[in-house]
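Asks: Questions regarding the structure given below will be posed in turn.
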Amino acid sequence: MYLFINFKAYRESTGPSAKRLMERIEEAFANEDRIKPVLNPLDSLLKTRYEKYIQHADAISSGAFTGFLPMDLLGQYGYKGIMINHSEHRLPLASTRKSVEFSKVHGLKSLVCASNLEEIKEIAEFGPDMIAYEPPELIGGDISVSVARPEIIKEAHQLVQGTGIELIVGAGVKNGRDVKISRELGAKGVLVASGIVKSMDPIGVIEEMLKNMGD
Ligand code: G3P
């Protein structure tokens, strides 16, 4: 199982705080390849031993663009993957498709977010590496997707089964129990932000989550 940590644009996890948080995590979990930080583009120069993802980039190649993040340049910043269509950075379906295509061309893993089963079906057609099911209304809240939407997670898992696409779940994931339920329902990973970044004890939370991942 994977633990995607979305650093979002919180003060606690951008700029110097991103560096400090990453150092603390690396110190505590030195040889841990299940952790995958998802960084704010502002922190693209941040180095890490983990496989790092960017929260968004554009399906364009480098050139005369202003304020865009050309996907072909991500490799030189050490990125291994890209998150696409997060609820807080929604894209039209056609742009999501283009981003998945671009990510394949540039050897980046794609983690595409979907807010419901219909979207999961549509996005699965594009053949991303992973689909993250995140009900938007639960993001940043106290009730986790695994507790509030177990049936949907199960159905989502059935939808991607046999396609090679891995199911990730997120929204309100806060502890080991949420991780365990997600795993039992077929998720290959969890996508967590506030449960770790805003916690008084991010290392303790990560430790508990990792313990409940099973492998
Ligand atoms: O990308 C992860 C995210 O949207 C979930 O946020 O704060 O509910 O863990 P949070």
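Chain lettering (A, B, ...) mirrors the order of the structure tokens, residue numbering begins at 1 for each chain separately, and ligand numbering begins at 1 in order of display.
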Could you name the residues that touch stretch 165-171 of chain A at 8 Å or less, counting only C-alpha atoms, but leaving out those on the same chain fewer than 5 positions away, as an MDAnalysis selection string?
Replies: chainID A and resid 124 127:136 138:141 144:146 153 156:157 160 182 186:192
Asks: Need the shell around A:Tyr77: protein/DNA/RNA residues with any atom at most 10 Å away, counting only C-alpha atoms. Skip same-chain ones fewer than 4 positions apart. Format as a list in words?
Replies: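 Contacts, in chain order: Asp43, Ser44, Leu45, Leu46, Lys47, Lys52, Ile54 and Leu73 of chain A.
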Asks: Take the selection from the previous step and output its residues with N, CA, C and O atoms, as a PDB file, in the first residue's frame.
Replies:
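Result file follows (out-v9.pdb):
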ATOM      1  N   ASP A  43       7.576  24.226  -4.231  1.00  0.00           N
ATOM      2  CA  ASP A  43       8.643  23.482  -3.564  1.00  0.00           C
ATOM      3  C   ASP A  43       9.286  22.437  -4.462  1.00  0.00           C
ATOM      4  O   ASP A  43       9.812  21.422  -3.991  1.00  0.00           O
ATOM      5  N   SER A  44       9.282  22.730  -5.751  1.00  0.00           N
ATOM      6  CA  SER A  44       9.801  21.753  -6.705  1.00  0.00           C
ATOM      7  C   SER A  44      11.283  21.451  -6.521  1.00  0.00           C
ATOM      8  O   SER A  44      11.753  20.404  -6.950  1.00  0.00           O
ATOM      9  N   LEU A  45      12.032  22.375  -5.907  1.00  0.00           N
ATOM     10  CA  LEU A  45      13.463  22.115  -5.727  1.00  0.00           C
ATOM     11  C   LEU A  45      13.756  21.283  -4.476  1.00  0.00           C
ATOM     12  O   LEU A  45      14.903  20.918  -4.235  1.00  0.00           O
ATOM     13  N   LEU A  46      12.720  21.010  -3.715  1.00  0.00           N
ATOM     14  CA  LEU A  46      12.912  20.225  -2.495  1.00  0.00           C
ATOM     15  C   LEU A  46      13.328  18.793  -2.854  1.00  0.00           C
ATOM     16  O   LEU A  46      12.655  18.114  -3.616  1.00  0.00           O
ATOM     17  N   LYS A  47      14.450  18.396  -2.282  1.00  0.00           N
ATOM     18  CA  LYS A  47      14.947  17.039  -2.567  1.00  0.00           C
ATOM     19  C   LYS A  47      14.422  16.081  -1.508  1.00  0.00           C
ATOM     20  O   LYS A  47      14.300  16.435  -0.340  1.00  0.00           O
ATOM     21  N   LYS A  52       8.672  11.442  -5.422  1.00  0.00           N
ATOM     22  CA  LYS A  52       7.837  12.632  -5.229  1.00  0.00           C
ATOM     23  C   LYS A  52       6.921  12.931  -6.420  1.00  0.00           C
ATOM     24  O   LYS A  52       7.276  12.690  -7.570  1.00  0.00           O
ATOM     25  N   ILE A  54       4.005  15.899  -8.053  1.00  0.00           N
ATOM     26  CA  ILE A  54       3.616  17.302  -8.045  1.00  0.00           C
ATOM     27  C   ILE A  54       2.084  17.371  -8.029  1.00  0.00           C
ATOM     28  O   ILE A  54       1.408  16.490  -8.569  1.00  0.00           O
ATOM     29  N   LEU A  73       9.259  19.227 -18.133  1.00  0.00           N
ATOM     30  CA  LEU A  73      10.375  19.671 -17.288  1.00  0.00           C
ATOM     31  C   LEU A  73      10.391  18.998 -15.907  1.00  0.00           C
ATOM     32  O   LEU A  73      11.341  19.155 -15.156  1.00  0.00           O
TER      33      LEU A  73
END
Asks: Between A:Ile25, A:Ile196, A:Ala30, A:Ala64, single out the one closest to ligand 1, counting only C-alpha atoms and all ligand atoms.
Replies: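 Using only C-alpha atoms and all ligand atoms, the shortest distance to ligand 1 belongs to A:Ile196.
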Asks: Please measure the separation of atom CA of A:Ser115 and atom CA of A:Gly214, giving the value in Å to one decimal.
Replies: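 Interatomic distance here is 26.0 Å.
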Asks: Any idea what's packed within 12 Å of A:Lys19, counting only C-alpha atoms, ignoring anything in its chain fewer than 4 positions away? Could you give it as a count of residues only?
Replies: 20
Asks: I need the residue nearest ligand 1 from this list: A:Met200, A:Ala59, A:Ile143, A:Val179. Use only C-alpha atoms and all ligand atoms for the distance.
Replies: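 Once distances to ligand 1 are computed over only C-alpha atoms and all ligand atoms, the minimum belongs to A:Ile143.
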Asks: Excluding A:Gly107 and any residue of its chain fewer than 3 positions from it, enumerate the residues within 8 Å of it, using only C-alpha atoms, and give them as an MDAnalysis selection string.
Replies: chainID A and resid 80 103:104
